[in-house]
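Asker: File input.cif follows (mmCIF, C-alpha atoms):
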data_work
#
loop_
_atom_site.label_atom_id
_atom_site.label_comp_id
_atom_site.auth_asym_id
_atom_site.auth_seq_id
_atom_site.Cartn_x
_atom_site.Cartn_y
_atom_site.Cartn_z
CA MET L 1 -12.03 13.04 -9.99
CA ASN L 2 -10.14 16.00 -11.44
CA ASN L 3 -8.76 17.29 -14.69
CA ASN L 4 -5.04 17.18 -13.88
CA LEU L 5 -3.02 16.41 -16.98
CA LEU L 6 -0.82 13.32 -17.22
CA SER L 7 1.85 12.62 -19.82
CA ILE L 8 1.84 9.58 -22.05
CA ARG L 9 4.87 8.25 -20.18
CA GLN L 10 3.08 8.59 -16.84
CA ILE L 11 0.12 6.64 -18.25
CA SER L 12 2.47 4.04 -19.73
CA LYS L 13 3.93 3.39 -16.27
CA MET L 14 0.53 3.49 -14.58
CA LEU L 15 -1.06 0.99 -16.98
CA ASP L 16 2.14 -1.02 -17.53
CA VAL L 17 1.80 -0.81 -21.31
CA SER L 18 4.22 0.61 -23.84
CA VAL L 19 4.01 4.11 -25.25
CA ASP L 20 3.51 2.57 -28.70
CA SER L 21 0.51 0.61 -27.38
CA LEU L 22 -1.01 3.83 -26.01
CA ARG L 23 -0.56 5.47 -29.41
CA ARG L 24 -2.42 2.55 -31.01
CA TRP L 25 -5.16 2.79 -28.36
CA ASP L 26 -5.47 6.47 -29.17
CA LYS L 27 -5.95 5.77 -32.89
CA SER L 28 -8.47 2.97 -32.25
CA GLY L 29 -10.42 5.04 -29.72
CA LYS L 30 -9.80 2.63 -26.83
CA LEU L 31 -8.17 5.37 -24.76
CA LYS L 32 -8.16 8.81 -26.36
CA SER L 33 -5.46 11.37 -25.65
CA HIS L 34 -5.46 15.12 -26.12
CA ARG L 35 -3.00 17.39 -27.88
CA GLU L 36 -2.37 21.09 -27.65
CA LYS L 37 -2.59 22.97 -30.93
CA LYS L 38 1.03 24.11 -30.84
CA ARG L 39 2.44 20.86 -29.48
CA SER L 40 2.34 17.28 -30.73
CA MET L 41 2.81 15.68 -27.29
CA ARG L 42 -0.07 13.54 -26.11
CA TYR L 43 -1.55 14.07 -22.67
CA TYR L 44 -4.45 12.63 -20.70
CA GLN L 45 -6.93 14.05 -18.23
CA GLU L 46 -6.73 12.29 -14.88
CA ALA L 47 -10.54 12.18 -14.66
CA GLU L 48 -10.68 10.21 -17.92
CA ILE L 49 -7.98 7.81 -16.76
CA GLU L 50 -9.88 7.20 -13.53
CA LYS L 51 -13.02 6.47 -15.56
CA TYR L 52 -11.05 4.02 -17.71
CA PHE L 53 -9.66 2.23 -14.65
CA ARG L 54 -13.09 1.87 -13.09
CA THR L 55 -14.35 0.03 -16.18
CA THR L 56 -11.38 -2.38 -16.29
CA ASP L 57 -10.56 -5.36 -14.10
CA ILE L 58 -9.85 -3.63 -10.78
CA TYR L 59 -9.02 -6.90 -9.04
CA LYS L 60 -6.40 -7.73 -11.65
CA LEU L 61 -4.86 -4.30 -11.23
CA ALA L 62 -4.73 -4.64 -7.43
CA LEU L 63 -3.31 -8.16 -7.63
CA LYS L 64 -0.57 -7.00 -9.95
CA TRP L 65 0.35 -4.25 -7.49
CA ALA L 66 0.30 -6.59 -4.48
CA ALA L 67 2.40 -9.22 -6.26
CA ALA L 68 4.96 -6.89 -7.83
CA ARG L 69 8.54 -7.45 -6.74
CA LYS L 70 9.48 -3.83 -7.36
CA GLN L 71 7.49 -1.39 -5.27
CA PHE L 72 5.39 1.34 -6.86
CA GLU L 73 2.38 3.34 -5.78
CA PRO L 74 -0.97 2.43 -7.36
CA PRO L 75 -3.04 5.09 -9.19
CA GLN L 76 -3.82 7.89 -6.73
CA PHE L 77 -7.58 7.51 -7.04
CA PHE L 78 -7.25 3.94 -5.69
CA TYR L 79 -4.55 4.68 -3.11
CA SER L 80 -5.08 5.52 0.56
CA SER L 81 -1.66 6.19 2.05
CA ASN L 82 -3.02 6.45 5.60
CA SER L 83 -6.09 5.53 7.61
CA TYR L 84 -7.52 9.06 7.52
CA ILE L 85 -7.61 9.07 3.72
CA PHE L 86 -9.08 5.58 3.74
CA GLN L 87 -11.87 6.61 6.12
CA ALA L 88 -12.70 9.61 3.95
CA ARG L 89 -12.90 7.44 0.84
CA LEU L 90 -14.91 4.82 2.67
CA SER L 91 -17.42 7.52 3.67
CA ALA L 92 -17.61 8.67 0.04
CA PHE L 93 -18.19 5.08 -1.06
CA GLU L 94 -20.94 4.68 1.54
CA SER L 95 -22.78 7.75 0.25
CA LEU L 96 -22.46 6.63 -3.37
CA LEU L 97 -23.44 2.99 -2.80
CA SER L 98 -26.94 2.33 -4.08
CA GLY L 99 -28.91 -0.49 -5.61
CA GLY L 100 -32.51 -0.11 -4.58
CA LYS L 101 -34.33 -2.71 -2.53
CA GLU L 102 -31.69 -5.34 -3.21
CA ILE L 103 -28.85 -3.34 -1.61
CA GLU L 104 -30.75 -1.44 1.07
CA PRO L 105 -30.90 -4.31 3.65
CA ILE L 106 -27.14 -4.97 3.41
CA HIS L 107 -25.91 -1.45 2.66
CA SER L 108 -24.33 -0.90 6.08
CA LEU L 109 -22.94 -4.46 6.15
CA ILE L 110 -21.11 -3.98 2.84
CA VAL L 111 -19.51 -0.83 4.19
CA ALA L 112 -18.68 -2.57 7.49
CA VAL L 113 -16.89 -5.45 5.73
CA ALA L 114 -14.87 -3.11 3.51
CA GLY L 115 -14.04 -0.91 6.49
CA GLU L 116 -12.96 -3.83 8.66
CA ILE L 117 -10.61 -5.24 6.04
CA GLY L 118 -9.12 -1.84 5.21
CA ASN L 119 -8.71 -0.81 8.84
CA ASN L 120 -7.06 -4.13 9.67
CA SER L 121 -4.40 -3.43 7.06
CA PHE L 122 -3.44 -0.23 8.85
CA ASP L 123 -3.74 -1.67 12.37
CA HIS L 124 -1.77 -4.77 11.44
CA ASN L 125 1.12 -2.96 9.76
CA LEU L 126 1.32 0.18 11.88
CA GLY L 127 4.98 1.19 11.95
CA ASN L 128 6.02 -2.03 10.19
CA TRP L 129 5.19 -1.57 6.51
CA PRO L 130 7.80 -3.53 4.49
CA ASP L 131 7.81 -1.01 1.64
CA ILE L 132 4.72 1.01 0.58
CA ALA L 133 2.37 1.98 3.37
CA GLY L 134 -1.36 2.16 2.73
CA VAL L 135 -4.06 0.27 0.89
CA PHE L 136 -5.48 -0.08 -2.59
CA PHE L 137 -9.23 0.62 -2.39
CA GLY L 138 -11.30 0.37 -5.56
CA PHE L 139 -14.88 -0.46 -6.48
CA ASN L 140 -17.15 -0.92 -9.47
CA PHE L 141 -20.85 -0.28 -8.90
CA GLU L 142 -21.91 -1.91 -12.17
CA LYS L 143 -20.09 -5.15 -11.38
CA LYS L 144 -20.96 -4.82 -7.66
CA ILE L 145 -17.44 -5.47 -6.43
CA ILE L 146 -15.02 -3.91 -3.94
CA VAL L 147 -11.27 -4.58 -3.98
CA LEU L 148 -8.83 -3.90 -1.16
CA ALA L 149 -5.14 -4.77 -1.09
CA ASP L 150 -1.99 -3.97 0.83
CA ARG L 151 1.72 -4.72 0.59
CA GLY L 152 2.01 -5.36 4.32
CA ARG L 153 3.43 -8.28 6.27
CA GLY L 154 0.40 -10.54 5.82
CA VAL L 155 -1.73 -12.55 8.23
CA LEU L 156 0.87 -15.25 8.98
CA ALA L 157 3.51 -12.80 10.20
CA THR L 158 0.92 -11.11 12.40
CA LEU L 159 -0.44 -14.23 14.05
CA LYS L 160 2.93 -15.94 14.52
CA ARG L 161 3.62 -13.38 17.22
CA VAL L 162 0.92 -15.00 19.34
CA ARG L 163 0.73 -18.40 17.62
CA PRO L 164 4.37 -19.25 16.87
CA GLY L 165 3.34 -22.78 15.92
CA LEU L 166 1.65 -21.63 12.72
CA LYS L 167 3.56 -23.07 9.78
CA ASN L 168 2.00 -21.61 6.63
CA ASN L 169 -0.39 -19.04 5.21
CA ARG L 170 -3.25 -21.53 4.86
CA ASP L 171 -3.18 -22.33 8.58
CA ALA L 172 -2.95 -18.62 9.37
CA LEU L 173 -6.05 -17.82 7.29
CA ARG L 174 -8.01 -20.60 8.94
CA VAL L 175 -7.15 -19.30 12.39
CA ALA L 176 -7.79 -15.67 11.43
CA PHE L 177 -11.27 -16.41 10.09
CA THR L 178 -12.42 -18.95 12.70
CA GLU L 179 -10.76 -18.38 16.08
CA ILE L 180 -11.08 -15.55 18.57
CA ILE L 181 -7.55 -14.91 19.74
CA SER L 182 -7.73 -11.93 22.08
CA GLY L 183 -8.47 -8.24 22.13
CA ARG L 184 -4.82 -7.25 22.36
CA ALA L 185 -2.65 -5.99 19.53
CA PRO L 186 -1.28 -7.22 17.19
CA GLU L 187 -3.74 -10.09 16.76
CA SER L 188 -6.78 -7.85 16.25
CA ARG L 189 -6.69 -8.70 12.55
CA GLY L 190 -7.75 -12.26 13.35
CA ASN L 191 -10.75 -11.11 15.35
CA GLY L 192 -11.74 -8.64 12.65
CA LEU L 193 -11.70 -11.30 9.94
CA LYS L 194 -13.89 -13.55 12.06
CA PHE L 195 -16.41 -10.69 12.12
CA VAL L 196 -16.11 -10.41 8.32
CA ARG L 197 -16.71 -14.13 7.87
CA LYS L 198 -19.88 -13.98 9.96
CA ILE L 199 -21.35 -11.14 7.90
CA ILE L 200 -20.44 -12.73 4.56
CA ALA L 201 -21.88 -16.14 5.46
CA LYS L 202 -25.19 -14.75 6.71
CA ASN L 203 -25.87 -12.30 3.89
CA ASN L 204 -25.93 -12.15 0.12
CA LEU L 205 -22.20 -11.49 -0.14
CA LYS L 206 -19.08 -13.28 -1.34
CA LEU L 207 -15.45 -12.89 -0.35
CA ARG L 208 -12.15 -13.94 -1.87
CA PHE L 209 -9.23 -13.22 0.44
CA GLN L 210 -5.58 -13.94 -0.17
CA SER L 211 -2.55 -13.55 2.06
CA GLY L 212 0.86 -14.66 0.88
CA ASP L 213 0.38 -17.87 -1.12
CA ALA L 214 -2.98 -18.89 0.41
CA GLU L 215 -6.45 -18.02 -0.86
CA LEU L 216 -9.76 -18.31 0.95
CA LYS L 217 -13.33 -18.12 -0.38
CA ILE L 218 -16.58 -17.59 1.48
CA ASN L 219 -20.02 -17.71 -0.10
CA LYS L 220 -23.42 -16.92 1.34
CA GLY L 221 -24.68 -19.66 3.65
CA GLU L 222 -21.45 -21.65 3.63
CA ALA L 223 -20.18 -22.66 7.06
CA ASN L 224 -16.99 -24.28 5.82
CA LEU L 225 -14.08 -22.26 4.52
CA LYS L 226 -12.48 -23.09 1.19
CA ILE L 227 -8.75 -22.52 1.53
CA LYS L 228 -6.19 -23.46 -1.09
CA LYS L 229 -2.73 -22.56 -2.28
CA SER L 230 -2.92 -19.67 -4.72
CA ALA L 231 -1.31 -19.62 -8.14
CA LYS L 232 0.63 -16.43 -7.37
CA SER L 233 2.11 -15.33 -4.06
CA ILE L 234 1.60 -11.72 -3.02
CA ARG L 235 3.07 -9.22 -0.60
CA GLY L 236 0.47 -8.65 2.08
CA CYS L 237 -3.23 -9.27 1.46
CA ILE L 238 -5.90 -8.74 -1.18
CA ALA L 239 -9.68 -9.03 -0.84
CA LEU L 240 -12.49 -9.14 -3.40
CA ILE L 241 -15.96 -8.47 -2.01
CA GLU L 242 -18.96 -9.20 -4.23
CA TYR L 243 -22.43 -7.99 -3.28
#
Rewrite the coordinates I just gave you, this time as structure tokens.

Answerer:
Amino acid sequence: MNNNLLSIRQISKMLDVSVDSLRRWDKSGKLKSHREKKRSMRYYQEAEIEKYFRTTDIYKLALKWAAARKQFEPPQFFYSSNSYIFQARLSAFESLLSGGKEIEPIHSLIVAVAGEIGNNSFDHNLGNWPDIAGVFFGFNFEKKIIVLADRGRGVLATLKRVRPGLKNNRDALRVAFTEIISGRAPESRGNGLKFVRKIIAKNNLKLRFQSGDAELKINKGEANLKIKKSAKSIRGCIALIEY
């Protein structure tokens, strides 16, 4: 976090709310702004905005970004534009993750799942990002959730290169999470998600994963995958990990 200053118009765009709404939030105390003594313009400290975001619905924010027709970068504190930044933030998350005896046995597994999903986004879309490269990576320690999203090509487009018979996103998710395809690029995403499924099913974790218009859920101890058509189609993929 830092104390860089952001204008009310920057925050309006970032939160997708009107300037008038931000003024009302300021008066009610929902999101306080600051003013210089000689100027009436409102401004916000980036550290405070980051704190606000981390107490809101991170999944909803990531889903909105992944589903948006018009491209825009997510808030910088959630955005890893390349794999090096993602690895650095994943390492920071690993050092911050705590939860006593309940978390200790699965600490490394939580990090492994998040790392696998995030890395797959970069490996899968390397040199082929449709618009914005990189991943959304956010977490909330109080709610015990991790959210990752990308605006990449999605699982179906990846696997059709080696499984041209795949017809829809639901079939692609089933294959990605259940079948070993090969160790060659570009189908490594499928093998990685099979690894994720194994960890989720055997430990006290949950996963919601969406690609395109298909959504998959995995709960602890469940051998069968629950795959359905999602209410909203997205660009790329989004994952919600609960621990």

Asker: Let me make sure I understand: among L:Asn169, L:Ser33, L:Ser95, L:Gln71, which one has the smallest atom-to-atom distance to Gln210 of chain L if we use only C-alpha atoms?

Answerer: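 When distances to Gln210 of chain L are compared using only C-alpha atoms, the smallest one comes from L:Asn169.
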
Asker: Quick one: residues within 8 Å of segment 124-141 of chain L, all atoms listed in the file counted, chain neighbours fewer than 6 positions away excluded, as a VMD selection string?

Answerer: chain L and resid 54 to 55 58 62 71 to 74 78 to 83 86 97 118 147 to 153 158 186 to 189

Asker: Kindly give the distance, in Å, that separates atom CA of Ile234 of chain L and atom CA of Ala66 of chain L, rounded to a single decimal.

Answerer: 5.5 Å

Asker: Expressed in Å to a single decimal, how great is the separation between atom CA of Ser40 of chain L and atom CA of Gln76 of chain L?

Answerer: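 Result for atom CA of Ser40 of chain L versus atom CA of Gln76 of chain L: 26.5 Å, one decimal.
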
Asker: Closest to Arg163 of chain L among L:Glu142, L:Glu46, L:Glu102, L:Glu179, using only C-alpha atoms?

Answerer: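 With only C-alpha atoms as the atom set, the closest residue is L:Glu179.
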
Asker: Between atom CA of Ile145 of chain L and atom CA of Gln10 of chain L, measure the distance and give it in Å to one decimal.

Answerer: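 One can read the atom CA of Ile145 of chain L to atom CA of Gln10 of chain L distance as 27.0 Å.
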
Asker: Can you list, as a list in words, the residues that the PyMOL selection byres ((chain L and resi 111) around 9) selects here?

Answerer: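 Selected by the PyMOL selection byres ((chain L and resi 111) around 9) here: Leu90, Ser91, Phe93, Glu94, Leu97, Ile106, His107, Ser108, Leu109, Ile110, Ala112, Val113, Ala114, Gly115 and Glu116 of chain L.
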
Asker: Convert the output of the PyMOL selection byres ((chain L and resi 12) around 12) on the shown file into explicit residues, formatted as a VMD selection string.

Answerer: chain L and resid 6 to 11 13 to 23 25 31 42 to 44 49 75
